[in-house]
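Take a look at the structure set out below.
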Amino acid sequence: MIKTNAMRMLSAAKIPFEVMEYEVDESDLSGLHIAAQIGLPVEQVFKTLVARGDKTGPLVFCIPVAEELDLKKVAALTGNKRIEMVAVKELLGLTGYIRGGCSPIGMKKKFPTWIDQSCLAHARITVSSGARGAQLLLDREALLQFVQAKTADLTIK
């Protein structure tokens with residue numbers, strides 16, 4: 001596994017993490033597939049979603065892989081009237097990451113970031129390493145502080 005920008009940044013900040021590698025299946029880039037491969041419950045494996053608010057611009061949301069982002073809820077939370085997901089073709093230019101390998105750590109620019117409050121039930125969670133084929137397992141509090149994330153209820157119930 002190559003060392004990603006996210007790994008380099010965590011190492012430089014002396015934040016311990018574990019790399020959990022998995023087999024990439026181009027026909028199934030879902031987080032459910034990843035959770036099954038790395039052997040962790042879906043509640044502990046988080047996907048990174050990038051959206052754009054009509055007032056704020058780009059926003060980053062990390063939610064459990066089995067959940068769906070509630071766009072109305074996060075619009076109200078972030079002071080927007082409307083939020084839409086960033087198109088896959090825009091993702092690389094905006095964040096430096098591709099679909100299936102988007103990490104909240106080390107994006108090209110620092111965007112406001114939220115992590116679903118369900119993360120508070122786990123001492124450690126995983127997020128993408130910034131490349132397909134590896135997740136980073138790290139301390140929840142260290143991640144929250146490092147990416148300056150807020151926690152909130154972000155998913156459809």
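Ligands are numbered from 1 in the order shown, residues from 1 within each chain, and chains are lettered A, B, ... in the order they appear in the structure tokens.
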Requested in this report: Name all residues at most 10 Å from Gly130 (chain A) (count only C-alpha atoms; drop same-chain ones fewer than 6 positions away) and give them as a PyMOL selection string.
Outcome: chain A and resi 3-7+96-107+136
Report task. Run DSSP on the backbone and grab whatever in region 18-145 of chain A lands in helix (DSSP H, G or I); send it over as a PyMOL selection string. Result -> chain A and resi 31-38+42-44+71-78+88-95+117-121+140-145
Region 78-84 of chain A: which residues within 7 Å, counting only C-alpha atoms, same-chain residues fewer than 2 positions away excluded, as a compact mmCIF listing (two decimals) with C-alpha atoms, in the first residue's frame?
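After the write, around_32.txt holds the following:
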# COMPACT_ATOMS: atom_id res chain seq x y z
CA ALA A 51 -21.96 18.50 -0.80
CA ARG A 52 -22.46 22.12 -1.78
CA GLY A 53 -24.69 24.52 0.12
CA ASP A 54 -26.38 27.40 -1.70
CA LYS A 55 -24.96 29.85 0.88
CA THR A 56 -21.82 28.12 2.23
CA LEU A 71 -30.04 16.82 2.83
CA VAL A 74 -27.94 19.21 6.99
CA ALA A 75 -29.14 22.27 5.06
CA ALA A 76 -30.84 23.57 8.22
CA VAL A 86 -21.10 17.45 -5.51
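Each of A:Ser27, A:Val88, A:Glu141, A:Glu43 was checked against Ala66 (chain A) using only C-alpha atoms; the smallest atom-to-atom distance is that of A:Glu43.
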**Report entry** Closest of A:Ala134, A:Val50, A:Val147, A:Leu120 to Val19 (chain A) - atom-to-atom distances counting only C-alpha atoms
**Finding:** A:Ala134
Query raised in the report: Which residues come within 12 Å of Glu26 (chain A), counting only C-alpha atoms, excluding same-chain residues fewer than 3 positions away, as a PyMOL selection string?
Result: chain A and resi 23+29-30+33-34+99-101+132-133
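Neighbours of Glu18 (chain A) closer than or equal to 12 Å, with only C-alpha atoms counted and sequence neighbours fewer than 4 positions away skipped, come out as Met7, Leu10, Ser11, Ile38, Arg124, Ile125, Thr126, Val127, Ser128, Ser129, Ala134, Gln135, Leu136, Leu137, Leu138 and Asp139 of chain A.
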Write out, as a PDB file, in the first residue's frame, the residues just selected, with C-alpha atoms.
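Below you can see part.pdb, which holds the result:
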ATOM      1  CA  MET A   7      -1.490   8.981   6.252  1.00  0.00           C
ATOM      2  CA  LEU A  10      -1.636  11.908  10.559  1.00  0.00           C
ATOM      3  CA  SER A  11       1.942  10.679  10.974  1.00  0.00           C
ATOM      4  CA  ILE A  38     -12.262  -5.324   6.784  1.00  0.00           C
ATOM      5  CA  ARG A 124     -12.295   4.226  17.098  1.00  0.00           C
ATOM      6  CA  ILE A 125     -13.842   4.601  13.651  1.00  0.00           C
ATOM      7  CA  THR A 126     -12.588   4.212  10.106  1.00  0.00           C
ATOM      8  CA  VAL A 127     -12.504   6.692   7.260  1.00  0.00           C
ATOM      9  CA  SER A 128     -10.961   6.383   3.821  1.00  0.00           C
ATOM     10  CA  SER A 129      -7.195   6.593   3.580  1.00  0.00           C
ATOM     11  CA  ALA A 134      -7.471   1.092   2.444  1.00  0.00           C
ATOM     12  CA  GLN A 135      -9.348   2.501   5.410  1.00  0.00           C
ATOM     13  CA  LEU A 136      -7.758   4.265   8.378  1.00  0.00           C
ATOM     14  CA  LEU A 137      -8.822   3.104  11.830  1.00  0.00           C
ATOM     15  CA  LEU A 138      -8.162   5.830  14.363  1.00  0.00           C
ATOM     16  CA  ASP A 139      -9.288   7.378  17.609  1.00  0.00           C
TER      17      ASP A 139
END
Excluding Ile115 (chain A) and any residue of its chain fewer than 4 positions from it, enumerate the residues within 7 Å of it, using only C-alpha atoms, and give them as a tab-separated table (two decimals) with C-alpha atoms, in the first residue's frame.
chain	number	residue	atom	x	y	z
A	61	PHE	CA	-20.05	14.99	5.92
A	62	CYS	CA	-18.90	11.63	7.33
A	63	ILE	CA	-21.67	9.15	8.04
A	149	ALA	CA	-15.27	18.48	12.80
A	150	LYS	CA	-18.53	19.02	14.60
A	151	THR	CA	-20.87	16.17	15.45
A	152	ALA	CA	-24.58	16.19	14.67
Requested in this report: Output as a ChimeraX atom specification all residues of region 41-92 of chain A that backbone DSSP marks as strand (DSSP E).
Outcome: /A:46-53,57-64,83-85
Store the residues picked out above, limited to C-alpha atoms, as a tab-separated table (two decimals), in the first residue's frame.
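Saved file part-v1.tsv follows:
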chain	number	residue	atom	x	y	z
A	46	PHE	CA	-17.69	5.95	7.86
A	47	LYS	CA	-17.99	7.24	4.31
A	48	THR	CA	-17.06	10.79	3.34
A	49	LEU	CA	-19.57	12.76	1.31
A	50	VAL	CA	-19.01	16.18	-0.22
A	51	ALA	CA	-21.96	18.50	-0.80
A	52	ARG	CA	-22.46	22.12	-1.78
A	53	GLY	CA	-24.69	24.52	0.12
A	57	GLY	CA	-20.32	26.33	-0.75
A	58	PRO	CA	-18.59	22.95	-0.22
A	59	LEU	CA	-19.24	20.98	2.97
A	60	VAL	CA	-17.94	17.60	4.13
A	61	PHE	CA	-20.05	14.99	5.92
A	62	CYS	CA	-18.90	11.63	7.33
A	63	ILE	CA	-21.67	9.15	8.04
A	64	PRO	CA	-21.85	5.39	8.69
A	83	ILE	CA	-27.75	21.42	-0.33
A	84	GLU	CA	-26.85	19.11	-3.19
A	85	MET	CA	-24.21	16.46	-3.54
Requested in this report: For CA of Lys109 (chain A) and CA of Val24 (chain A), determine how far apart the two atoms are, in Å to one decimal place.
Outcome: 26.7 Å
Query - Nearest-residue call for Leu77 (chain A), choices A:Pro112, A:Thr95, A:Ala121, A:Glu21, using only C-alpha atoms - result: A:Pro112
**Report entry** A:Asp70, A:Leu91, A:Asp28, A:Met9 ranked by distance to Asp153 (chain A), top pick (using only C-alpha atoms)
**Finding:** A:Asp70
Query raised in the report: What is the distance between CA of Thr113 (chain A) and CA of Gln148 (chain A), in Å to one decimal?
Result: 7.0 Å
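One finds CA of Ile2 (chain A) at 21.0 Å from CA of Val45 (chain A).
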